[in-house]
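A.B. asks: Here you go, input_18.txt (compact mmCIF, N, CA and C atoms):
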```txt
# COMPACT_ATOMS: atom_id res chain seq x y z
N MET A 13 -36.22 -69.53 -131.04
CA MET A 13 -36.30 -70.19 -132.33
C MET A 13 -35.53 -69.39 -133.39
N ILE A 14 -35.76 -68.09 -133.43
CA ILE A 14 -35.07 -67.25 -134.42
C ILE A 14 -33.57 -67.22 -134.14
N LEU A 15 -33.20 -67.15 -132.87
CA LEU A 15 -31.79 -67.16 -132.52
C LEU A 15 -31.13 -68.48 -132.96
N GLY A 16 -31.84 -69.58 -132.78
CA GLY A 16 -31.32 -70.89 -133.21
C GLY A 16 -31.10 -70.95 -134.71
N ILE A 17 -32.00 -70.36 -135.47
CA ILE A 17 -31.87 -70.35 -136.94
C ILE A 17 -30.67 -69.49 -137.34
N ILE A 18 -30.52 -68.35 -136.68
CA ILE A 18 -29.38 -67.47 -136.98
C ILE A 18 -28.07 -68.17 -136.63
N LEU A 19 -28.03 -68.82 -135.48
CA LEU A 19 -26.81 -69.52 -135.07
C LEU A 19 -26.50 -70.69 -136.00
N ALA A 20 -27.52 -71.39 -136.47
CA ALA A 20 -27.29 -72.47 -137.43
C ALA A 20 -26.71 -71.91 -138.73
N ALA A 21 -27.21 -70.76 -139.16
CA ALA A 21 -26.69 -70.14 -140.38
C ALA A 21 -25.24 -69.71 -140.20
N VAL A 22 -24.92 -69.13 -139.06
CA VAL A 22 -23.54 -68.69 -138.80
C VAL A 22 -22.61 -69.89 -138.70
N ALA A 23 -23.04 -70.93 -138.00
CA ALA A 23 -22.22 -72.14 -137.88
C ALA A 23 -21.99 -72.77 -139.25
N THR A 24 -23.02 -72.78 -140.07
CA THR A 24 -22.89 -73.33 -141.42
C THR A 24 -21.89 -72.52 -142.24
N MET A 25 -21.95 -71.21 -142.10
CA MET A 25 -20.98 -70.38 -142.81
C MET A 25 -19.56 -70.66 -142.32
N GLY A 26 -19.40 -70.88 -141.02
CA GLY A 26 -18.09 -71.21 -140.48
C GLY A 26 -17.55 -72.52 -141.04
N PHE A 27 -18.40 -73.53 -141.10
CA PHE A 27 -17.98 -74.80 -141.69
C PHE A 27 -17.71 -74.64 -143.18
N SER A 28 -18.44 -73.76 -143.83
CA SER A 28 -18.22 -73.52 -145.26
C SER A 28 -16.81 -72.98 -145.51
N VAL A 29 -16.33 -72.15 -144.61
CA VAL A 29 -14.96 -71.64 -144.73
C VAL A 29 -13.97 -72.80 -144.63
N ILE A 30 -14.21 -73.71 -143.69
CA ILE A 30 -13.34 -74.88 -143.54
C ILE A 30 -13.35 -75.73 -144.80
N PHE A 31 -14.51 -75.81 -145.48
CA PHE A 31 -14.64 -76.60 -146.70
C PHE A 31 -14.17 -75.84 -147.94
N ASN A 32 -13.57 -74.67 -147.75
CA ASN A 32 -13.05 -73.85 -148.86
C ASN A 32 -14.12 -73.44 -149.87
N VAL A 33 -15.30 -73.13 -149.39
CA VAL A 33 -16.35 -72.60 -150.25
C VAL A 33 -15.94 -71.19 -150.66
N PRO A 34 -16.14 -70.81 -151.92
CA PRO A 34 -15.81 -69.43 -152.33
C PRO A 34 -16.55 -68.40 -151.47
N ARG A 35 -15.87 -67.31 -151.16
CA ARG A 35 -16.44 -66.30 -150.27
C ARG A 35 -17.79 -65.77 -150.74
N ARG A 36 -17.95 -65.62 -152.04
CA ARG A 36 -19.21 -65.06 -152.56
C ARG A 36 -20.39 -66.01 -152.34
N GLU A 37 -20.12 -67.28 -151.97
CA GLU A 37 -21.18 -68.26 -151.75
C GLU A 37 -21.47 -68.50 -150.27
N LEU A 38 -20.71 -67.88 -149.38
CA LEU A 38 -20.88 -68.14 -147.94
C LEU A 38 -22.27 -67.77 -147.44
N ALA A 39 -22.81 -66.65 -147.90
CA ALA A 39 -24.15 -66.24 -147.46
C ALA A 39 -25.21 -67.25 -147.89
N PHE A 40 -25.04 -67.82 -149.08
CA PHE A 40 -25.99 -68.81 -149.56
C PHE A 40 -25.88 -70.12 -148.78
N CYS A 41 -24.67 -70.46 -148.38
CA CYS A 41 -24.49 -71.63 -147.51
C CYS A 41 -25.16 -71.39 -146.16
N GLY A 42 -24.98 -70.18 -145.63
CA GLY A 42 -25.64 -69.83 -144.38
C GLY A 42 -27.15 -69.88 -144.50
N LEU A 43 -27.66 -69.42 -145.62
CA LEU A 43 -29.10 -69.50 -145.90
C LEU A 43 -29.55 -70.96 -145.87
N ALA A 44 -28.78 -71.83 -146.49
CA ALA A 44 -29.13 -73.26 -146.51
C ALA A 44 -29.15 -73.83 -145.10
N GLY A 45 -28.12 -73.53 -144.31
CA GLY A 45 -28.08 -74.04 -142.93
C GLY A 45 -29.22 -73.53 -142.08
N GLY A 46 -29.54 -72.25 -142.21
CA GLY A 46 -30.66 -71.69 -141.46
C GLY A 46 -32.00 -72.28 -141.89
N ALA A 47 -32.18 -72.45 -143.19
CA ALA A 47 -33.42 -73.04 -143.71
C ALA A 47 -33.58 -74.49 -143.25
N VAL A 48 -32.49 -75.23 -143.26
CA VAL A 48 -32.54 -76.63 -142.82
C VAL A 48 -32.92 -76.69 -141.34
N TRP A 49 -32.35 -75.81 -140.53
CA TRP A 49 -32.69 -75.81 -139.12
C TRP A 49 -34.14 -75.40 -138.89
N LEU A 50 -34.65 -74.47 -139.70
CA LEU A 50 -36.06 -74.09 -139.61
C LEU A 50 -36.96 -75.28 -139.91
N ILE A 51 -36.64 -76.02 -140.97
CA ILE A 51 -37.42 -77.23 -141.31
C ILE A 51 -37.35 -78.22 -140.16
N PHE A 52 -36.16 -78.41 -139.60
CA PHE A 52 -35.99 -79.33 -138.48
C PHE A 52 -36.89 -78.92 -137.31
N LEU A 53 -36.91 -77.63 -136.99
CA LEU A 53 -37.72 -77.15 -135.87
C LEU A 53 -39.21 -77.31 -136.15
N ILE A 54 -39.63 -77.04 -137.37
CA ILE A 54 -41.04 -77.18 -137.72
C ILE A 54 -41.49 -78.64 -137.59
N VAL A 55 -40.68 -79.55 -138.11
CA VAL A 55 -41.05 -80.98 -138.05
C VAL A 55 -41.04 -81.47 -136.61
N THR A 56 -40.06 -81.05 -135.80
CA THR A 56 -40.05 -81.49 -134.40
C THR A 56 -41.22 -80.89 -133.62
N HIS A 57 -41.76 -79.78 -134.10
CA HIS A 57 -42.96 -79.23 -133.46
C HIS A 57 -44.15 -80.18 -133.64
N PHE A 58 -44.26 -80.78 -134.82
CA PHE A 58 -45.37 -81.70 -135.10
C PHE A 58 -45.09 -83.12 -134.64
N PHE A 59 -43.82 -83.50 -134.52
CA PHE A 59 -43.41 -84.80 -134.01
C PHE A 59 -42.44 -84.56 -132.84
N PRO A 60 -42.96 -84.22 -131.65
CA PRO A 60 -42.08 -83.80 -130.54
C PRO A 60 -41.00 -84.82 -130.18
N GLU A 61 -41.27 -86.09 -130.33
CA GLU A 61 -40.27 -87.11 -130.01
C GLU A 61 -39.56 -87.60 -131.26
N GLY A 62 -39.74 -86.89 -132.38
CA GLY A 62 -39.26 -87.41 -133.65
C GLY A 62 -38.12 -86.65 -134.26
N THR A 63 -36.93 -86.75 -133.69
CA THR A 63 -35.80 -86.11 -134.35
C THR A 63 -35.40 -86.87 -135.62
N ILE A 64 -35.77 -88.12 -135.72
CA ILE A 64 -35.42 -88.87 -136.92
C ILE A 64 -36.22 -88.36 -138.12
N PRO A 65 -37.55 -88.20 -138.04
CA PRO A 65 -38.25 -87.60 -139.19
C PRO A 65 -37.80 -86.17 -139.48
N ALA A 66 -37.51 -85.40 -138.44
CA ALA A 66 -37.06 -84.02 -138.64
C ALA A 66 -35.72 -84.00 -139.35
N THR A 67 -34.84 -84.91 -139.01
CA THR A 67 -33.54 -84.99 -139.68
C THR A 67 -33.72 -85.42 -141.13
N PHE A 68 -34.62 -86.34 -141.38
CA PHE A 68 -34.91 -86.79 -142.74
C PHE A 68 -35.39 -85.63 -143.61
N PHE A 69 -36.38 -84.89 -143.13
CA PHE A 69 -36.91 -83.77 -143.91
C PHE A 69 -35.90 -82.63 -144.02
N GLY A 70 -35.09 -82.45 -142.99
CA GLY A 70 -34.03 -81.46 -143.07
C GLY A 70 -33.00 -81.80 -144.14
N ALA A 71 -32.63 -83.07 -144.23
CA ALA A 71 -31.68 -83.51 -145.26
C ALA A 71 -32.28 -83.34 -146.65
N MET A 72 -33.56 -83.63 -146.79
CA MET A 72 -34.22 -83.41 -148.08
C MET A 72 -34.24 -81.92 -148.43
N ALA A 73 -34.49 -81.08 -147.43
CA ALA A 73 -34.50 -79.64 -147.66
C ALA A 73 -33.11 -79.13 -148.05
N ALA A 74 -32.07 -79.63 -147.39
CA ALA A 74 -30.71 -79.21 -147.71
C ALA A 74 -30.34 -79.58 -149.14
N THR A 75 -30.72 -80.77 -149.54
CA THR A 75 -30.40 -81.23 -150.89
C THR A 75 -31.22 -80.47 -151.93
N THR A 76 -32.48 -80.26 -151.65
CA THR A 76 -33.34 -79.51 -152.58
C THR A 76 -32.83 -78.09 -152.74
N LEU A 77 -32.55 -77.43 -151.63
CA LEU A 77 -32.04 -76.07 -151.70
C LEU A 77 -30.69 -76.03 -152.39
N GLY A 78 -29.85 -77.01 -152.13
CA GLY A 78 -28.55 -77.09 -152.79
C GLY A 78 -28.68 -77.22 -154.30
N ARG A 79 -29.64 -78.00 -154.74
CA ARG A 79 -29.83 -78.17 -156.18
C ARG A 79 -30.40 -76.90 -156.82
N PHE A 80 -31.33 -76.24 -156.14
CA PHE A 80 -31.85 -74.97 -156.68
C PHE A 80 -30.76 -73.90 -156.71
N LEU A 81 -30.01 -73.77 -155.63
CA LEU A 81 -28.94 -72.78 -155.61
C LEU A 81 -27.87 -73.10 -156.65
N SER A 82 -27.64 -74.37 -156.89
CA SER A 82 -26.67 -74.78 -157.90
C SER A 82 -27.07 -74.26 -159.28
N ALA A 83 -28.34 -74.41 -159.61
CA ALA A 83 -28.83 -73.92 -160.90
C ALA A 83 -28.80 -72.39 -160.96
N LEU A 84 -29.16 -71.77 -159.86
CA LEU A 84 -29.22 -70.31 -159.81
C LEU A 84 -27.84 -69.67 -159.83
N ARG A 85 -26.91 -70.22 -159.08
CA ARG A 85 -25.59 -69.62 -158.89
C ARG A 85 -24.50 -70.23 -159.78
N LYS A 86 -24.85 -71.25 -160.57
CA LYS A 86 -23.89 -71.90 -161.48
C LYS A 86 -22.68 -72.47 -160.72
N MET A 87 -22.98 -73.17 -159.65
CA MET A 87 -21.96 -73.83 -158.83
C MET A 87 -22.41 -75.28 -158.61
N PRO A 88 -21.50 -76.17 -158.24
CA PRO A 88 -21.92 -77.53 -157.90
C PRO A 88 -22.87 -77.54 -156.70
N SER A 89 -23.83 -78.43 -156.71
CA SER A 89 -24.81 -78.47 -155.61
C SER A 89 -24.17 -78.82 -154.28
N THR A 90 -23.05 -79.54 -154.30
CA THR A 90 -22.40 -79.91 -153.04
C THR A 90 -21.84 -78.70 -152.29
N VAL A 91 -21.62 -77.59 -152.99
CA VAL A 91 -21.14 -76.37 -152.34
C VAL A 91 -22.15 -75.90 -151.29
N TYR A 92 -23.43 -76.11 -151.54
CA TYR A 92 -24.48 -75.67 -150.63
C TYR A 92 -25.03 -76.83 -149.79
N MET A 93 -25.05 -78.00 -150.39
CA MET A 93 -25.69 -79.16 -149.77
C MET A 93 -24.90 -79.66 -148.56
N ILE A 94 -23.60 -79.84 -148.71
CA ILE A 94 -22.81 -80.40 -147.61
C ILE A 94 -22.77 -79.46 -146.41
N PRO A 95 -22.48 -78.16 -146.59
CA PRO A 95 -22.57 -77.28 -145.42
C PRO A 95 -23.99 -77.18 -144.86
N GLY A 96 -25.00 -77.26 -145.73
CA GLY A 96 -26.38 -77.17 -145.27
C GLY A 96 -26.79 -78.30 -144.36
N ILE A 97 -26.12 -79.42 -144.47
CA ILE A 97 -26.45 -80.59 -143.64
C ILE A 97 -25.79 -80.49 -142.26
N ILE A 98 -24.81 -79.63 -142.11
CA ILE A 98 -24.06 -79.52 -140.85
C ILE A 98 -24.96 -79.40 -139.61
N PRO A 99 -26.05 -78.61 -139.63
CA PRO A 99 -26.88 -78.55 -138.41
C PRO A 99 -27.54 -79.88 -138.04
N LEU A 100 -27.59 -80.82 -138.97
CA LEU A 100 -28.25 -82.10 -138.71
C LEU A 100 -27.31 -83.19 -138.21
N VAL A 101 -26.02 -82.96 -138.28
CA VAL A 101 -25.05 -83.99 -137.93
C VAL A 101 -25.24 -84.43 -136.47
N PRO A 102 -25.32 -85.74 -136.24
CA PRO A 102 -25.61 -86.24 -134.88
C PRO A 102 -24.40 -86.23 -133.96
N GLY A 103 -23.78 -85.08 -133.79
CA GLY A 103 -22.57 -84.98 -132.98
C GLY A 103 -22.79 -85.33 -131.52
N VAL A 104 -23.90 -84.90 -130.94
CA VAL A 104 -24.17 -85.19 -129.54
C VAL A 104 -24.36 -86.68 -129.33
N ALA A 105 -25.07 -87.34 -130.23
CA ALA A 105 -25.29 -88.79 -130.10
C ALA A 105 -23.98 -89.55 -130.22
N ILE A 106 -23.11 -89.11 -131.11
CA ILE A 106 -21.81 -89.77 -131.25
C ILE A 106 -20.97 -89.54 -129.99
N TYR A 107 -20.99 -88.32 -129.48
CA TYR A 107 -20.26 -88.02 -128.24
C TYR A 107 -20.77 -88.90 -127.10
N ARG A 108 -22.09 -88.99 -126.95
CA ARG A 108 -22.65 -89.80 -125.87
C ARG A 108 -22.29 -91.27 -126.03
N THR A 109 -22.28 -91.74 -127.26
CA THR A 109 -21.88 -93.13 -127.50
C THR A 109 -20.48 -93.37 -126.97
N MET A 110 -19.55 -92.50 -127.31
CA MET A 110 -18.17 -92.67 -126.85
C MET A 110 -18.07 -92.48 -125.33
N PHE A 111 -18.84 -91.56 -124.79
CA PHE A 111 -18.84 -91.34 -123.34
C PHE A 111 -19.25 -92.61 -122.61
N TYR A 112 -20.31 -93.26 -123.09
CA TYR A 112 -20.78 -94.49 -122.45
C TYR A 112 -19.82 -95.65 -122.68
N VAL A 113 -19.17 -95.69 -123.83
CA VAL A 113 -18.18 -96.75 -124.07
C VAL A 113 -17.02 -96.61 -123.08
N VAL A 114 -16.50 -95.40 -122.95
CA VAL A 114 -15.38 -95.16 -122.04
C VAL A 114 -15.80 -95.41 -120.59
N GLY A 115 -17.04 -95.08 -120.26
CA GLY A 115 -17.54 -95.27 -118.90
C GLY A 115 -17.96 -96.70 -118.60
N GLY A 116 -17.90 -97.57 -119.58
CA GLY A 116 -18.26 -98.98 -119.36
C GLY A 116 -19.75 -99.25 -119.35
N GLU A 117 -20.56 -98.30 -119.74
CA GLU A 117 -22.01 -98.50 -119.80
C GLU A 117 -22.38 -98.95 -121.21
N HIS A 118 -22.21 -100.23 -121.46
CA HIS A 118 -22.31 -100.75 -122.82
C HIS A 118 -23.72 -100.72 -123.39
N MET A 119 -24.73 -100.95 -122.57
CA MET A 119 -26.11 -100.90 -123.09
C MET A 119 -26.48 -99.48 -123.53
N MET A 120 -26.08 -98.49 -122.74
CA MET A 120 -26.34 -97.10 -123.12
C MET A 120 -25.53 -96.74 -124.36
N ALA A 121 -24.32 -97.26 -124.46
CA ALA A 121 -23.48 -97.00 -125.63
C ALA A 121 -24.13 -97.57 -126.89
N VAL A 122 -24.67 -98.77 -126.79
CA VAL A 122 -25.34 -99.37 -127.94
C VAL A 122 -26.58 -98.57 -128.31
N THR A 123 -27.35 -98.15 -127.33
CA THR A 123 -28.56 -97.37 -127.58
C THR A 123 -28.21 -96.06 -128.30
N GLN A 124 -27.23 -95.34 -127.78
CA GLN A 124 -26.84 -94.08 -128.41
C GLN A 124 -26.19 -94.31 -129.78
N GLY A 125 -25.44 -95.40 -129.91
CA GLY A 125 -24.80 -95.71 -131.19
C GLY A 125 -25.83 -96.01 -132.27
N VAL A 126 -26.85 -96.77 -131.92
CA VAL A 126 -27.91 -97.08 -132.89
C VAL A 126 -28.67 -95.81 -133.27
N TYR A 127 -28.89 -94.95 -132.29
CA TYR A 127 -29.57 -93.68 -132.56
C TYR A 127 -28.74 -92.81 -133.50
N ALA A 128 -27.42 -92.71 -133.25
CA ALA A 128 -26.54 -91.92 -134.11
C ALA A 128 -26.52 -92.50 -135.53
N LEU A 129 -26.44 -93.81 -135.64
CA LEU A 129 -26.46 -94.44 -136.97
C LEU A 129 -27.80 -94.24 -137.66
N SER A 130 -28.88 -94.23 -136.90
CA SER A 130 -30.20 -93.97 -137.48
C SER A 130 -30.26 -92.55 -138.07
N LEU A 131 -29.75 -91.59 -137.32
CA LEU A 131 -29.74 -90.22 -137.82
C LEU A 131 -28.88 -90.10 -139.07
N ALA A 132 -27.70 -90.71 -139.05
CA ALA A 132 -26.83 -90.67 -140.23
C ALA A 132 -27.51 -91.36 -141.42
N GLY A 133 -28.20 -92.45 -141.15
CA GLY A 133 -28.90 -93.17 -142.23
C GLY A 133 -30.01 -92.36 -142.86
N VAL A 134 -30.81 -91.67 -142.04
CA VAL A 134 -31.90 -90.88 -142.62
C VAL A 134 -31.36 -89.66 -143.35
N ILE A 135 -30.21 -89.14 -142.94
CA ILE A 135 -29.59 -88.06 -143.71
C ILE A 135 -29.23 -88.59 -145.10
N ALA A 136 -28.61 -89.76 -145.14
CA ALA A 136 -28.22 -90.34 -146.43
C ALA A 136 -29.43 -90.63 -147.31
N VAL A 137 -30.48 -91.18 -146.74
CA VAL A 137 -31.68 -91.49 -147.52
C VAL A 137 -32.35 -90.21 -148.02
N GLY A 138 -32.44 -89.19 -147.17
CA GLY A 138 -33.03 -87.92 -147.60
C GLY A 138 -32.26 -87.29 -148.75
N VAL A 139 -30.93 -87.34 -148.67
CA VAL A 139 -30.10 -86.81 -149.76
C VAL A 139 -30.31 -87.63 -151.03
N LEU A 140 -30.30 -88.95 -150.92
CA LEU A 140 -30.44 -89.81 -152.10
C LEU A 140 -31.78 -89.64 -152.81
N ILE A 141 -32.84 -89.46 -152.03
CA ILE A 141 -34.16 -89.29 -152.65
C ILE A 141 -34.18 -88.05 -153.54
N VAL A 142 -33.67 -86.94 -153.03
CA VAL A 142 -33.68 -85.70 -153.81
C VAL A 142 -32.69 -85.78 -154.96
N LEU A 143 -31.53 -86.39 -154.74
CA LEU A 143 -30.55 -86.51 -155.83
C LEU A 143 -31.02 -87.43 -156.95
N SER A 144 -31.98 -88.30 -156.66
CA SER A 144 -32.49 -89.19 -157.70
C SER A 144 -33.50 -88.50 -158.62
N LEU A 145 -33.94 -87.31 -158.25
CA LEU A 145 -34.89 -86.57 -159.09
C LEU A 145 -34.16 -85.97 -160.29
N PRO A 146 -34.85 -85.82 -161.42
CA PRO A 146 -34.19 -85.27 -162.61
C PRO A 146 -33.72 -83.83 -162.39
N ARG A 147 -32.61 -83.49 -162.99
CA ARG A 147 -31.99 -82.18 -162.86
C ARG A 147 -32.91 -81.06 -163.34
N ARG A 148 -33.68 -81.32 -164.35
CA ARG A 148 -34.52 -80.27 -164.94
C ARG A 148 -35.56 -79.73 -163.95
N LEU A 149 -35.89 -80.49 -162.91
CA LEU A 149 -36.83 -79.99 -161.91
C LEU A 149 -36.27 -78.82 -161.11
N PHE A 150 -34.96 -78.66 -161.12
CA PHE A 150 -34.31 -77.65 -160.30
C PHE A 150 -33.74 -76.49 -161.09
N LEU A 151 -34.04 -76.40 -162.36
CA LEU A 151 -33.42 -75.39 -163.22
C LEU A 151 -34.06 -74.01 -163.16
N LEU A 152 -35.22 -73.88 -162.56
CA LEU A 152 -35.87 -72.59 -162.37
C LEU A 152 -36.08 -71.82 -163.68
N GLY A 153 -36.49 -72.50 -164.70
CA GLY A 153 -36.77 -71.84 -165.97
C GLY A 153 -35.58 -71.63 -166.87
N HIS A 154 -34.39 -72.04 -166.44
CA HIS A 154 -33.20 -71.92 -167.29
C HIS A 154 -33.24 -72.97 -168.38
N LYS A 155 -32.72 -72.62 -169.52
CA LYS A 155 -32.64 -73.58 -170.62
C LYS A 155 -31.23 -74.14 -170.67
N ASN A 156 -31.09 -75.39 -170.20
CA ASN A 156 -29.79 -76.07 -170.22
C ASN A 156 -29.95 -77.44 -170.78
```
Step by step, read the file and then write its structure as structure tokens.
C.D. replies:
Amino acid sequence: MILGIILAAVATMGFSVIFNVPRRELAFCGLAGGAVWLIFLIVTHFFPEGTIPATFFGAMAATTLGRFLSALRKMPSTVYMIPGIIPLVPGVAIYRTMFYVVGGEHMMAVTQGVYALSLAGVIAVGVLIVLSLPRRLFLLGHKN
């Protein structure tokens, strides 16, 4: 579990470099990715068959942490939020969808495709819920 969190943080930092995040913010992006993966693991512990709820709560955590770090570090929240969501991206489901399409197994392709779209949808909903909250909730005592 700890190794998975560390690897999620390192992978998030790697993607942050690709997204041209300033170097001084890479550690905070890694923190966001590791925290999101921790939330994902905790929720899947309570809902063993529920990667969809875990992805939803992980997306909410990424957005919340991004907004707090934004206020703290005086950077746009997307600097932390977008890389923080990287551990939740349904890459395996998308790969399997294409694998089944190419292999001619259309029912399995549809099943995996719907699952991938479900994961992408709950990421979007989790982000939107937190983004709809007032900015002042995330200011940490700053007067702005």
A.B. asks: One decimal, Å: what's the distance from atom C of Ala66 in chain A over to CA of Leu53 in chain A, could you say?
C.D. replies: 7.9 Å
A.B. asks: From the set A:Leu129, A:Met87, A:Leu15, A:Val142, which residue has the shortest atom-to-atom contact distance to Pro102 in chain A, counting only N, CA and C atoms?
C.D. replies: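 Ranked by minimum distance to Pro102 in chain A, first place goes to A:Leu129.
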A.B. asks: Under the rule that all atoms listed in the file are counted, which of A:Gly125, A:Gly133, A:Gly45, A:Gly138 is the nearest residue to Ile97 in chain A?
C.D. replies: A:Gly45
A.B. asks: Give me, please, the distance in Å between CA of Ala74 in chain A and atom C of Gly96 in chain A, quoted to one decimal.
C.D. replies: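 Separating CA of Ala74 in chain A from atom C of Gly96 in chain A is a distance of 5.2 Å.
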A.B. asks: From a backbone DSSP assignment, name each residue in chain A labelled helix (DSSP H, G or I), as a ChimeraX atom specification.
C.D. replies: /A:14-30,35-58,63-85,90-100,103-114,118-143,147-150
A.B. asks: Using only C-alpha atoms, which of A:Ala44, A:Arg148, A:Val104, A:Gly70 sits nearest Thr56 in chain A?
C.D. replies: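 Among the listed residues, the smallest separation from Thr56 in chain A belongs to A:Gly70.
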A.B. asks: Just to confirm, what's the straight-line distance from CA of Val126 in chain A to CA of Phe59 in chain A in Å (one decimal)?
C.D. replies: 19.8 Å
A.B. asks: Could you list, as a ChimeraX atom specification, every residue within 8 Å of range 20-29 of chain A, counting all atoms listed in the file and ignoring same-chain residues fewer than 5 positions away?
C.D. replies: /A:14-15,34-35,37-47,49-50,91,94-99
A.B. asks: Write out as a list in words which residues come within 8 Å of Ile106 in chain A when counting all atoms listed in the file, dropping same-chain ones fewer than 4 positions away.
C.D. replies: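 Counting only the stated atoms, we get Val101, Pro102, Met110, Phe111, Tyr112, Gln124, Gly125, Tyr127, Ala128 and Leu129 of chain A.
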A.B. asks: Just want the 8 Å neighbourhood of Phe69 in chain A, counted on only N, CA and C atoms, with same-chain residues fewer than 5 positions away dropped. Output as a PyMOL selection string.
C.D. replies: chain A and resi 48+51-52+55+63-64+74-75+134-135+138
A.B. asks: Which residue is closest to Thr123 in chain A? Choose from A:Leu151, A:Phe58, A:Leu84, A:Thr109 and count all atoms listed in the file.
C.D. replies: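 Among the listed residues, the smallest separation from Thr123 in chain A belongs to A:Thr109.
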A.B. asks: From the set A:Ile54, A:Val139, A:Ile30, A:Gly16, which residue has the shortest atom-to-atom contact distance to Met72 in chain A, counting only N, CA and C atoms?
C.D. replies: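 Once distances to Met72 in chain A are computed over only N, CA and C atoms, the minimum belongs to A:Val139.
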A.B. asks: Hey, can I get the axis-aligned box for range 124-129 of chain A? All listed atoms, 3 Å padding on each side, centre and edge lengths in Å to one decimal, as AutoDock Vina command-line options.
C.D. replies:
```
--center_x -27.2 --center_y -94.5 --center_z -132.7 --size_x 10.8 --size_y 11.2 --size_z 15.9
```
A.B. asks: When you look at Ala83 in chain A with a cut-off of 8 Å (counting all atoms listed in the file), what residues show up, excluding the ones that are within fewer than 5 positions of it in the same chain? I need them as a ChimeraX atom specification.
C.D. replies: /A:77-78,88-89,150-152,154
